[in-house]
Number of protein chains: 2
Amino acid sequence: MHEPLDVAAADAYLRDARCGGLNLFVGTTRQWTGTRETVELAYECYEPMAIKEMQRLVDEAKARWPIERVCVLHRLGVVPVAEASVVVGVATPHRAAAFEACRFLIDELKVQVPIWKREHYTDGTTEWVQGAQPPRVEGEG
Amino acid sequence: MHEPLDVAAADAYLRDARCGGLNLFVGTTRQWTGTRETVELAYECYEPMAIKEMQRLVDEAKARWPIERVCVLHRLGVVPVAEASVVVGVATPHRAAAFEACRFLIDELKVQVPIWKREHYTDGTTEWVQGAQPPRVEGEG
């Protein structure tokens, strides 16, 4: 989807009478990475493949934790500073599992799902990054 | 505060150009705990003491993680099933710290902050629980 991600809608979707808590991760465009200033990021992917991989990660998480509700949303196209590129949410009966499953999903999404990111810096340079590159993954937020 | 907690407002407050991500935990009233059905929970506290303790936890978290923005909100009074009793949110430059600090804050809040919970079950019984009781803390979400 190319529109802004709706965190309130994700929260509403995740509410479930069987659950005692939900954990939401919102990944946002950061202005500074070291001394380089980012103007904006842009994301591209081959959607059928990205959605299939995201579904596979959700299935894996459901096999590992007692998840009642889950959402994984990734914005495509340009994402300005402080806006959300990704929202991951998990609702579970007890909170520990919600934290663990949410962390698993965002960490694995960054490594496994083929979504490319173009960083556009104020010095005029641009750079394409694929999430699977470990040195960058830690810096993405 | 006795009004419903506003997760969208928390998300908006946590957005920061210095941050690559934010983590939100929303604690909700769960309908079932084992075979007992909860009608509603109600929370009470001595507000000046609870706020002071929450501020102390926030200060401790800020000393341990590079937190740019943080919020800790707890509802008081009756909280119906699936509604939020607590919202904790943390924004940091990189995502690992956001998860860790958010988890620390909710775990410590349950143990350290003097907020009492009254569980009202469908079998007509009620029970007062203070967060510091370890066997209940794991069950709260």
# chains A, B, ... in the order shown; residues from 1 in each chain; ligands from 1

call {"tool": "residues_around", "arguments": {"residues": "Trp32 in chain B", "least_positions_apart": "3", "cutoff": "10 Å", "atoms": "only C-alpha atoms", "output": "PyMOL selection string"}}
result
(chain A and resi 17-20+93) or (chain B and resi 29+35-39+81+121)

call {"tool": "select_by_dssp", "arguments": {"residues": "range 21-60 of chain B", "states": "helix (DSSP H, G or I)", "output": "ChimeraX atom specification"}}
result
/B:47-60

call {"tool": "closest_residue", "arguments": {"among": "B:Pro80, B:Gly89, B:Gly27, B:Gly124", "to": "chain A", "atoms": "only C-alpha atoms"}}
result
B:Gly27

call {"tool": "closest_atom_pairs", "arguments": {"of": "chain B", "to": "chain A", "cutoff": "10 Å", "atoms": "only C-alpha atoms", "output": "tab-separated table"}}
result
residue	atom	partner	partner_atom	distance
B:Asp6	CA	A:Ala8	CA	8.9
B:Val7	CA	A:Ala8	CA	6.7
B:Ala8	CA	A:Ala8	CA	5.1
B:Ala9	CA	A:Ala8	CA	8.9
B:Ala10	CA	A:Ala8	CA	10.0
B:Asp11	CA	A:Val7	CA	7.5
B:Ala12	CA	A:Val7	CA	9.4
B:Leu14	CA	A:Ala82	CA	9.5
B:Arg15	CA	A:Ala82	CA	5.8
B:Asp16	CA	A:Ala82	CA	5.7
B:Ala17	CA	A:Ala82	CA	4.9
B:Arg18	CA	A:Arg30	CA	5.5
B:Cys19	CA	A:Arg30	CA	5.2
B:Gly20	CA	A:Gly141	CA	3.9
B:Gly21	CA	A:Gly27	CA	4.2
B:Leu22	CA	A:Val26	CA	5.2
B:Asn23	CA	A:Phe25	CA	4.6
B:Leu24	CA	A:Leu24	CA	5.0
B:Phe25	CA	A:Asn23	CA	4.6
B:Val26	CA	A:Leu22	CA	5.2
B:Gly27	CA	A:Gly21	CA	4.2
B:Thr28	CA	A:Gly20	CA	4.8
B:Thr29	CA	A:Gly20	CA	5.7
B:Arg30	CA	A:Gly20	CA	4.8
B:Gln31	CA	A:Ala17	CA	5.3
B:Trp32	CA	A:Arg18	CA	6.4
B:Thr33	CA	A:Arg18	CA	8.9
B:Thr38	CA	A:Ala17	CA	9.9
B:Pro80	CA	A:Ala17	CA	9.6
B:Val81	CA	A:Ala17	CA	5.9
B:Ala82	CA	A:Ala17	CA	4.9
B:Glu83	CA	A:Arg15	CA	7.6
B:Ala84	CA	A:Gly21	CA	8.4
B:Ser85	CA	A:Gly21	CA	9.6
B:Val86	CA	A:Gly21	CA	9.2
B:Val87	CA	A:Gly21	CA	9.7
B:Val88	CA	A:Asn23	CA	9.6
B:Gly89	CA	A:Leu24	CA	9.2
B:Val90	CA	A:Phe25	CA	9.9
B:Ala91	CA	A:Val26	CA	9.2
B:Thr92	CA	A:Gly141	CA	7.8
B:Pro93	CA	A:Gly141	CA	6.1
B:His94	CA	A:Gly141	CA	3.8
B:Arg95	CA	A:Gly141	CA	4.3
B:Ala96	CA	A:Gly141	CA	7.6
B:Ala97	CA	A:Gly141	CA	9.2
B:Ala98	CA	A:Phe25	CA	8.7
B:Phe99	CA	A:Phe99	CA	7.4
B:Glu100	CA	A:Phe99	CA	9.2
B:Cys102	CA	A:Phe99	CA	9.1
B:Arg103	CA	A:Phe99	CA	7.4
B:Ile106	CA	A:Arg95	CA	9.3
B:Asp107	CA	A:Arg95	CA	9.3
B:Val137	CA	A:His94	CA	9.7
B:Glu138	CA	A:His94	CA	7.0
B:Gly139	CA	A:His94	CA	6.2
B:Glu140	CA	A:Gly20	CA	6.1
B:Gly141	CA	A:Gly20	CA	3.9

call {"tool": "atom_distance", "arguments": {"atom1": "CA of Lys117 in chain A", "atom2": "CA of Met49 in chain A"}}
result
15.9 Å

call {"tool": "select_by_dssp", "arguments": {"residues": "chain B", "states": "strand (DSSP E or B)", "output": "PyMOL selection string"}}
result
chain B and resi 21-29+32-33+36-45+69-74+77-81+84-92+115-121+126-130

call {"tool": "residues_around", "arguments": {"residues": "Glu108 in chain A", "least_positions_apart": "4", "cutoff": "10 Å", "atoms": "only C-alpha atoms", "output": "list in words"}}
result
Glu53, Met54, Leu57, Cys102, Arg103, Phe104, Gln112, Val113, Gly131 and Ala132 of chain A

call {"tool": "residues_around", "arguments": {"residues": "Arg64 in chain A", "least_positions_apart": "3", "cutoff": "10 Å", "atoms": "only C-alpha atoms", "output": "VMD selection string"}}
result
chain A and resid 58 to 61 67 97 100 to 101

call {"tool": "closest_residue", "arguments": {"among": "B:His74, B:Arg69, B:Gly34, B:Glu3", "to": "Leu109 in chain B", "atoms": "only C-alpha atoms"}}
result
B:His74

call {"tool": "atom_distance", "arguments": {"atom1": "CA of Glu40 in chain B", "atom2": "CA of His120 in chain B"}}
result
5.6 Å

call {"tool": "atom_distance", "arguments": {"atom1": "CA of Thr122 in chain B", "atom2": "CA of Leu5 in chain B"}}
result
25.0 Å
